[in-house]
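Undergrad: What follows is structure_34.txt, compact mmCIF, C-alpha atoms and all ligand atoms.
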```txt
# COMPACT_ATOMS: atom_id res chain seq x y z
CA MET E 1 -17.18 15.20 -0.42
CA SER E 2 -15.22 11.95 -0.63
CA ALA E 3 -11.44 11.97 -0.67
CA ARG E 4 -9.97 10.65 -3.90
CA LEU E 5 -7.77 7.54 -3.65
CA VAL E 6 -5.52 6.13 -6.34
CA VAL E 7 -4.50 2.59 -5.39
CA LEU E 8 -1.39 0.89 -6.84
CA VAL E 9 -1.27 -2.93 -7.01
CA SER E 10 0.91 -5.74 -8.35
CA GLY E 11 -0.97 -8.89 -7.42
CA ALA E 12 -4.09 -10.33 -5.83
CA GLY E 13 -5.42 -6.99 -4.70
CA THR E 14 -7.16 -8.15 -1.52
CA ASN E 15 -6.12 -4.93 0.23
CA LEU E 16 -7.56 -3.01 -2.70
CA GLN E 17 -10.77 -5.04 -2.36
CA ALA E 18 -11.01 -4.16 1.32
CA LEU E 19 -10.72 -0.46 0.40
CA LEU E 20 -13.31 -0.85 -2.36
CA ASP E 21 -15.71 -2.52 0.07
CA ALA E 22 -15.15 0.20 2.67
CA CYS E 23 -15.69 2.95 0.08
CA ALA E 24 -19.13 1.52 -0.73
CA ASP E 25 -20.29 3.19 2.47
CA GLU E 26 -20.44 6.94 1.89
CA ALA E 27 -19.65 7.55 5.56
CA TYR E 28 -16.21 6.07 4.99
CA GLY E 29 -15.26 9.34 3.31
CA ALA E 30 -13.22 8.08 0.37
CA ALA E 31 -13.61 6.80 -3.16
CA VAL E 32 -11.13 4.78 -5.21
CA VAL E 33 -10.94 6.84 -8.41
CA ALA E 34 -8.32 4.75 -10.22
CA VAL E 35 -6.18 1.64 -9.83
CA GLY E 36 -2.68 1.47 -11.29
CA ALA E 37 -0.40 -1.53 -11.78
CA ASP E 38 3.12 -2.30 -12.96
CA ARG E 39 1.98 -5.42 -14.83
CA PRO E 40 -1.11 -6.57 -16.75
CA GLY E 41 -3.30 -9.59 -16.11
CA ILE E 42 -3.42 -9.48 -12.32
CA GLU E 43 -6.43 -10.04 -10.10
CA GLY E 44 -5.99 -6.58 -8.60
CA LEU E 45 -6.81 -5.02 -11.98
CA ALA E 46 -9.74 -7.41 -12.49
CA ARG E 47 -11.18 -6.32 -9.13
CA ALA E 48 -11.01 -2.69 -10.25
CA GLN E 49 -12.59 -3.49 -13.61
CA ARG E 50 -15.44 -5.40 -11.94
CA ALA E 51 -16.03 -2.36 -9.75
CA GLY E 52 -16.12 -0.09 -12.82
CA ILE E 53 -13.02 1.82 -11.77
CA PRO E 54 -10.53 3.11 -14.36
CA THR E 55 -7.19 1.31 -14.47
CA PHE E 56 -3.76 2.00 -15.91
CA VAL E 57 -0.76 -0.30 -16.40
CA LEU E 58 2.77 1.03 -16.65
CA ARG E 59 5.53 -1.55 -17.05
CA VAL E 60 9.06 -0.50 -16.13
CA ALA E 61 10.39 -2.53 -19.09
CA ASP E 62 8.46 -0.32 -21.53
CA TYR E 63 10.50 2.77 -20.60
CA PRO E 64 14.12 3.44 -21.60
CA LEU E 65 14.95 4.88 -18.18
CA ARG E 66 13.54 4.13 -14.75
CA ALA E 67 13.05 7.89 -14.30
CA ASP E 68 10.81 7.91 -17.41
CA TRP E 69 8.63 5.18 -15.90
CA ASP E 70 8.55 7.08 -12.64
CA ARG E 71 7.37 10.25 -14.39
CA ALA E 72 4.74 8.34 -16.33
CA LEU E 73 3.47 6.78 -13.10
CA ALA E 74 3.29 10.18 -11.42
CA ASP E 75 1.50 11.65 -14.47
CA ALA E 76 -1.00 8.78 -14.51
CA CYS E 77 -1.76 9.23 -10.81
CA ASP E 78 -1.93 13.02 -11.18
CA GLY E 79 -4.51 12.63 -13.93
CA PHE E 80 -6.95 11.39 -11.28
CA SER E 81 -6.21 14.24 -8.83
CA PRO E 82 -5.75 11.99 -5.79
CA ASP E 83 -5.82 13.25 -2.22
CA LEU E 84 -3.95 10.10 -1.23
CA VAL E 85 -2.08 7.44 -3.21
CA VAL E 86 -2.14 3.99 -1.60
CA SER E 87 0.45 1.35 -2.46
CA ALA E 88 -1.39 -1.89 -1.68
CA GLY E 89 0.96 -4.72 -2.60
CA PHE E 90 2.64 -2.59 -5.29
CA MET E 91 6.02 -4.28 -5.70
CA LYS E 92 7.98 -1.36 -7.13
CA LEU E 93 9.96 1.39 -5.51
CA VAL E 94 9.10 4.82 -6.82
CA GLY E 95 11.80 7.40 -7.52
CA PRO E 96 12.52 10.97 -6.45
CA GLY E 97 10.34 12.43 -9.21
CA PHE E 98 7.26 10.60 -7.95
CA LEU E 99 8.01 11.47 -4.33
CA ALA E 100 8.50 15.14 -5.19
CA ARG E 101 4.89 15.18 -6.36
CA PHE E 102 3.24 12.77 -3.93
CA GLY E 103 5.50 12.75 -0.88
CA GLY E 104 3.42 13.23 2.25
CA ARG E 105 0.33 11.78 0.59
CA PHE E 106 1.61 8.37 -0.46
CA VAL E 107 1.13 5.47 1.96
CA ASN E 108 2.23 1.85 1.73
CA THR E 109 1.30 -1.28 3.62
CA HIS E 110 3.93 -3.82 4.65
CA PRO E 111 3.42 -7.33 6.08
CA ALA E 112 5.77 -6.96 9.07
CA LEU E 113 6.37 -4.65 12.01
CA LEU E 114 8.81 -2.12 10.52
CA PRO E 115 11.66 -1.42 10.88
CA ALA E 116 11.92 -5.21 11.21
CA PHE E 117 11.87 -7.24 8.01
CA ALA E 118 11.71 -4.50 5.38
CA GLY E 119 11.81 -5.42 1.71
CA MET E 120 10.09 -7.86 -0.57
CA HIS E 121 9.95 -10.83 1.84
CA GLY E 122 8.69 -9.47 5.14
CA VAL E 123 6.70 -12.57 6.04
CA ARG E 124 9.41 -15.08 5.07
CA ASP E 125 12.10 -13.09 6.86
CA ALA E 126 10.07 -12.82 10.08
CA LEU E 127 9.35 -16.55 10.01
CA GLU E 128 13.01 -17.44 9.37
CA TYR E 129 14.16 -15.15 12.17
CA GLY E 130 11.87 -16.99 14.56
CA VAL E 131 9.96 -14.03 15.98
CA LYS E 132 6.88 -14.90 18.02
CA ILE E 133 5.04 -11.72 17.10
CA THR E 134 4.98 -10.05 13.71
CA GLY E 135 2.32 -7.89 12.10
CA CYS E 136 1.79 -5.15 9.59
CA THR E 137 2.66 -1.51 9.13
CA VAL E 138 1.05 1.36 7.25
CA PHE E 139 3.67 4.02 6.57
CA MET E 140 4.35 7.16 4.58
CA VAL E 141 6.59 6.33 1.65
CA ASP E 142 9.98 8.03 1.55
CA SER E 143 13.05 7.44 -0.62
CA GLY E 144 14.20 4.34 1.28
CA THR E 145 12.92 0.79 1.19
CA ASP E 146 10.11 0.67 3.77
CA THR E 147 11.83 3.35 5.87
CA GLY E 148 9.17 6.09 5.93
CA PRO E 149 7.38 7.39 9.03
CA VAL E 150 4.96 4.88 10.55
CA VAL E 151 1.26 5.77 10.46
CA ALA E 152 -0.15 2.63 12.14
CA GLN E 153 0.83 -0.89 13.14
CA ALA E 154 -0.90 -4.03 14.35
CA ALA E 155 0.57 -7.21 15.83
CA VAL E 156 -0.06 -10.80 14.72
CA PRO E 157 1.20 -13.83 16.69
CA VAL E 158 3.33 -16.40 14.88
CA ARG E 159 2.24 -20.00 15.47
CA ASP E 160 4.66 -22.89 15.82
CA ASP E 161 3.22 -24.62 12.76
CA ASP E 162 3.10 -21.54 10.52
CA ASP E 163 4.65 -21.60 7.08
CA ILE E 164 4.92 -18.57 4.77
CA PRO E 165 1.42 -18.93 3.23
CA THR E 166 -0.43 -19.51 6.52
CA LEU E 167 1.36 -16.67 8.27
CA HIS E 168 0.93 -14.29 5.34
CA GLU E 169 -2.80 -15.08 5.12
CA ARG E 170 -3.22 -14.36 8.85
CA VAL E 171 -1.17 -11.16 8.60
CA LYS E 172 -3.28 -10.07 5.63
CA VAL E 173 -6.53 -10.39 7.58
CA THR E 174 -5.16 -7.92 10.14
CA GLU E 175 -3.47 -5.84 7.44
CA ARG E 176 -6.66 -5.26 5.47
CA ALA E 177 -8.49 -4.07 8.58
CA LEU E 178 -5.58 -1.80 9.57
CA LEU E 179 -5.31 -0.30 6.09
CA VAL E 180 -9.04 0.38 5.87
CA GLU E 181 -9.14 1.90 9.35
CA THR E 182 -6.01 4.00 8.83
CA VAL E 183 -6.87 5.35 5.38
CA GLY E 184 -10.40 6.14 6.61
CA ARG E 185 -9.13 8.07 9.62
CA MET E 186 -6.58 9.92 7.48
CA VAL E 187 -9.13 11.13 4.94
CA ARG E 188 -11.81 11.97 7.50
CA GLU E 189 -9.61 13.57 10.15
CA GLY E 190 -6.51 14.72 8.24
CA TRP E 191 -2.89 13.98 9.09
CA SER E 192 0.44 15.68 9.60
CA VAL E 193 4.02 14.46 9.48
CA HIS E 194 6.67 15.94 11.81
CA GLY E 195 10.00 14.27 11.25
CA ARG E 196 9.36 10.59 11.97
CA LYS E 197 6.07 11.21 13.79
CA VAL E 198 2.77 10.95 11.96
CA LYS E 199 -0.31 12.36 13.64
CA VAL E 200 -3.73 11.37 12.36
CA GLY E 201 -6.57 13.64 13.45
CA HIS E 202 -6.41 16.59 15.77
C1 LIG V 301 0.35 -7.50 1.26
O1 LIG V 301 0.56 -8.38 2.33
C2 LIG V 301 1.35 -6.36 1.30
O2 LIG V 301 1.70 -5.97 2.58
C3 LIG V 301 2.51 -6.99 0.60
O3 LIG V 301 1.94 -7.67 -0.48
C4 LIG V 301 0.66 -8.16 -0.08
C5 LIG V 301 -0.33 -7.78 -1.17
O4 LIG V 301 -1.52 -8.48 -1.00
N1 LIG V 301 3.44 -5.98 0.19
C6 LIG V 301 4.75 -6.12 0.30
O5 LIG V 301 5.30 -7.13 0.70
C7 LIG V 301 5.54 -4.89 -0.12
N2 LIG V 301 6.90 -5.02 0.26
P1 LIG V 301 -2.80 -8.11 -1.89
O6 LIG V 301 -2.35 -8.00 -3.34
O7 LIG V 301 -3.73 -9.26 -1.67
O8 LIG V 301 -3.37 -6.82 -1.37
```
If you took the structure in this file and wrote it as structure tokens, what would it be?
Ligand code: GAR

TA:
Amino acid sequence: MSARLVVLVSGAGTNLQALLDACADEAYGAAVVAVGADRPGIEGLARAQRAGIPTFVLRVADYPLRADWDRALADACDGFSPDLVVSAGFMKLVGPGFLARFGGRFVNTHPALLPAFAGMHGVRDALEYGVKITGCTVFMVDSGTDTGPVVAQAAVPVRDDDDIPTLHERVKVTERALLVETVGRMVREGWSVHGRKVKVGH
């Protein structure tokens, strides 16, 4: 039976699309059962709708307290009984309530080699720092900003003529492949977290 994925997005949703494409093959071992967003009108939601997958939108501004939004997000995810929640370009930090329910089965993808260049501008910050190698990281979400245990990483060289869009596009090619491979291995082989160490498979 396929593992159930809920994917959270805020933008273009190309990582979501890579997961959707992978899930088309039954051997991949997972199905995207819902896509959630923190804003309406984004391509990520349109991709889900085209694929016939249920969507939900929960805007922080529509809730009196951040904790209320957090609970609503957790309830919405819970309604689809996910085995794994995947943050794929979801530009919101979740709170303790969400983590209490999904900690240990909530992964995020980041466009830099953590712990370098955490936060909203991983690609820009790597470029400005002048690193020659950057990359992407799939990690378990914890209460910090991009501080959770690392599940997988891949390196991407920075070119002399890169700007933010060219570097981000090249990182995203590697990132999509890493996310698909990592999520697939997790759902097919299982995973465990011991302190900062994540083990996928046996
Ligand atoms: C991805 O590169 C992801 O790592 C990044 O947003 C992009 C989403 O692309 N996330 C962050 O920077 C989170 N801090 P997509 O919408 O095309 O999948």

Undergrad: List all protein, DNA and RNA residues that have an atom no more than 9 Å from any atom of ligand LIG 301 (chain V), counting only C-alpha atoms and all ligand atoms, and report them as a ChimeraX atom specification.

TA: /E:9-18,43-44,87-92,108-112,118-123,136-138,145-146,168-169,171-172,175-176

Undergrad: Select, from E:Lys199, E:Arg159, E:Lys132, E:Arg105, the residue with the minimum atom-to-atom distance to E:Ala3, counting all atoms listed in the file.

TA: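 Among the listed residues, the smallest separation from E:Ala3 belongs to E:Arg105.
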
Undergrad: Mind checking which residues fall within 7 Å of stretch 53-65 of chain E, counting only C-alpha atoms, ignoring those fewer than 3 positions away in the same chain, and posting them as a list in words?

TA: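 In the requested format, the answer is Val33, Ala34, Val35, Gly36, Ala37, Asp38, Arg39, Pro40, Leu45, Ala48, Gln49, Asp68, Trp69 and Leu73 of chain E.
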
Undergrad: In Å, with one decimal, what is the gap from atom CA of E:Asp125 to atom CA of E:Arg196?

TA: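 Those two atoms sit 24.4 Å apart.
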
Undergrad: Measuring atom to atom with all atoms listed in the file, identify which of E:Cys23, E:Val85, E:Ala76, E:Leu127 is nearest to E:Ala51.

TA: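 Under the stated criterion, the closest residue is E:Cys23.
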
Undergrad: When distances are computed from only C-alpha atoms, which of E:Arg50, E:Arg4, E:Gly41, E:Glu128 shows the smallest separation from E:Asp160?

TA: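 Closest residue, counting only C-alpha atoms: E:Glu128.
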
Undergrad: Pick the closest to E:Asp161 from E:Val193, E:Gly130, E:Leu93, E:Phe98: which is it, counting all atoms listed in the file?

TA: E:Gly130

Undergrad: Find, counting all atoms listed in the file, the residue in E:Asp78, E:Tyr129, E:Ala152, E:Ala72 that gets nearest to E:Val180.

TA: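 Checking each candidate against E:Val180, we get E:Ala152 as the closest.
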
Undergrad: List the residues sitting within 12 Å of (-9.3, 17.1, -6.0) in the file's frame, using all atoms listed in the file, as a list of chain:residue names.

TA: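 Those residues, ordered by chain and then number, are E:Met1, E:Ser2, E:Ala3, E:Arg4, E:Leu5, E:Val6, E:Ala30, E:Ala31, E:Val33, E:Cys77, E:Asp78, E:Gly79, E:Phe80, E:Ser81, E:Pro82, E:Asp83, E:Leu84.
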
Undergrad: Point out the residue among E:Val156, E:Val198, E:Asp70, E:Thr174 with the least atom-to-atom distance to E:Ala100, counting only C-alpha atoms.

TA: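 Ranked by minimum distance to E:Ala100, first place goes to E:Asp70.
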
Undergrad: Taking all atoms of stretch 93-97 of chain E that the file lists, what box with edges along x, y and z, padded by 8 Å per side, do you get, with centre and edge lengths in Å to one decimal, as AutoDock Vina command-line options?

TA:
```
--center_x 10.8 --center_y 6.9 --center_z -7.4 --size_x 19.4 --size_y 27.0 --size_z 19.7
```

Undergrad: What is the distance, in Å and to one decimal place, between atom CA of E:Arg188 and atom CA of E:Gly29?

TA: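 Distance between the two atoms: 6.0 Å.
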
Undergrad: What gap, in Å, lies between atom CA of E:Ile164 and atom CA of E:Ala116?

TA: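 Pair atom CA of E:Ile164 / atom CA of E:Ala116 returns 16.4 Å.
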
Undergrad: At a cut-off of 12 Å, using only C-alpha atoms, what residues contact E:Val151? Leave out same-chain residues fewer than 2 positions from it and give the result as an MDAnalysis selection string.

TA: chainID E and resid 104:110 113:114 136:141 147:149 153:154 178:179 181:183 185:186 191:194 196:201

Undergrad: Could I see stretch 77-96 of chain E restored to N, CA and C atoms, set down as a PDB file, in the frame of the given file?

TA:
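Listing of result28.pdb after writing:
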```pdb
ATOM      1  N   CYS E  77      -1.083   8.990 -12.099  1.00  0.00           N
ATOM      2  CA  CYS E  77      -1.760   9.230 -10.810  1.00  0.00           C
ATOM      3  C   CYS E  77      -2.349  10.641 -10.786  1.00  0.00           C
ATOM      4  N   ASP E  78      -1.527  11.613 -11.186  1.00  0.00           N
ATOM      5  CA  ASP E  78      -1.930  13.020 -11.180  1.00  0.00           C
ATOM      6  C   ASP E  78      -3.203  13.246 -11.987  1.00  0.00           C
ATOM      7  N   GLY E  79      -3.337  12.492 -13.065  1.00  0.00           N
ATOM      8  CA  GLY E  79      -4.510  12.630 -13.930  1.00  0.00           C
ATOM      9  C   GLY E  79      -5.818  12.363 -13.204  1.00  0.00           C
ATOM     10  N   PHE E  80      -5.742  11.686 -12.051  1.00  0.00           N
ATOM     11  CA  PHE E  80      -6.950  11.390 -11.280  1.00  0.00           C
ATOM     12  C   PHE E  80      -7.053  12.260 -10.026  1.00  0.00           C
ATOM     13  N   SER E  81      -6.193  13.266  -9.934  1.00  0.00           N
ATOM     14  CA  SER E  81      -6.210  14.240  -8.830  1.00  0.00           C
ATOM     15  C   SER E  81      -6.415  13.595  -7.457  1.00  0.00           C
ATOM     16  N   PRO E  82      -5.534  12.679  -7.072  1.00  0.00           N
ATOM     17  CA  PRO E  82      -5.750  11.990  -5.790  1.00  0.00           C
ATOM     18  C   PRO E  82      -5.434  12.875  -4.579  1.00  0.00           C
ATOM     19  N   ASP E  83      -6.185  12.671  -3.518  1.00  0.00           N
ATOM     20  CA  ASP E  83      -5.820  13.250  -2.220  1.00  0.00           C
ATOM     21  C   ASP E  83      -4.778  12.371  -1.546  1.00  0.00           C
ATOM     22  N   LEU E  84      -4.863  11.069  -1.831  1.00  0.00           N
ATOM     23  CA  LEU E  84      -3.950  10.100  -1.230  1.00  0.00           C
ATOM     24  C   LEU E  84      -3.700   8.990  -2.245  1.00  0.00           C
ATOM     25  N   VAL E  85      -2.423   8.605  -2.385  1.00  0.00           N
ATOM     26  CA  VAL E  85      -2.080   7.440  -3.210  1.00  0.00           C
ATOM     27  C   VAL E  85      -1.740   6.307  -2.242  1.00  0.00           C
ATOM     28  N   VAL E  86      -2.332   5.138  -2.482  1.00  0.00           N
ATOM     29  CA  VAL E  86      -2.140   3.990  -1.600  1.00  0.00           C
ATOM     30  C   VAL E  86      -1.437   2.879  -2.370  1.00  0.00           C
ATOM     31  N   SER E  87      -0.255   2.498  -1.903  1.00  0.00           N
ATOM     32  CA  SER E  87       0.450   1.350  -2.460  1.00  0.00           C
ATOM     33  C   SER E  87      -0.036   0.125  -1.684  1.00  0.00           C
ATOM     34  N   ALA E  88      -0.773  -0.750  -2.366  1.00  0.00           N
ATOM     35  CA  ALA E  88      -1.390  -1.890  -1.680  1.00  0.00           C
ATOM     36  C   ALA E  88      -0.876  -3.168  -2.350  1.00  0.00           C
ATOM     37  N   GLY E  89       0.344  -3.571  -1.942  1.00  0.00           N
ATOM     38  CA  GLY E  89       0.960  -4.720  -2.600  1.00  0.00           C
ATOM     39  C   GLY E  89       1.567  -4.334  -3.941  1.00  0.00           C
ATOM     40  N   PHE E  90       1.969  -3.067  -4.075  1.00  0.00           N
ATOM     41  CA  PHE E  90       2.640  -2.590  -5.290  1.00  0.00           C
ATOM     42  C   PHE E  90       4.121  -2.872  -5.115  1.00  0.00           C
ATOM     43  N   MET E  91       4.674  -3.777  -5.936  1.00  0.00           N
ATOM     44  CA  MET E  91       6.020  -4.280  -5.700  1.00  0.00           C
ATOM     45  C   MET E  91       7.094  -3.512  -6.456  1.00  0.00           C
ATOM     46  N   LYS E  92       6.957  -2.204  -6.501  1.00  0.00           N
ATOM     47  CA  LYS E  92       7.980  -1.360  -7.130  1.00  0.00           C
ATOM     48  C   LYS E  92       8.296  -0.200  -6.205  1.00  0.00           C
ATOM     49  N   LEU E  93       9.570   0.182  -6.222  1.00  0.00           N
ATOM     50  CA  LEU E  93       9.960   1.390  -5.510  1.00  0.00           C
ATOM     51  C   LEU E  93       9.799   2.563  -6.464  1.00  0.00           C
ATOM     52  N   VAL E  94       9.208   3.634  -5.976  1.00  0.00           N
ATOM     53  CA  VAL E  94       9.100   4.820  -6.820  1.00  0.00           C
ATOM     54  C   VAL E  94      10.355   5.674  -6.620  1.00  0.00           C
ATOM     55  N   GLY E  95      10.587   6.579  -7.553  1.00  0.00           N
ATOM     56  CA  GLY E  95      11.800   7.400  -7.520  1.00  0.00           C
ATOM     57  C   GLY E  95      11.545   8.791  -6.992  1.00  0.00           C
ATOM     58  N   PRO E  96      12.614   9.613  -7.003  1.00  0.00           N
ATOM     59  CA  PRO E  96      12.520  10.970  -6.450  1.00  0.00           C
ATOM     60  C   PRO E  96      11.482  11.834  -7.155  1.00  0.00           C
TER      61      PRO E  96
END
```
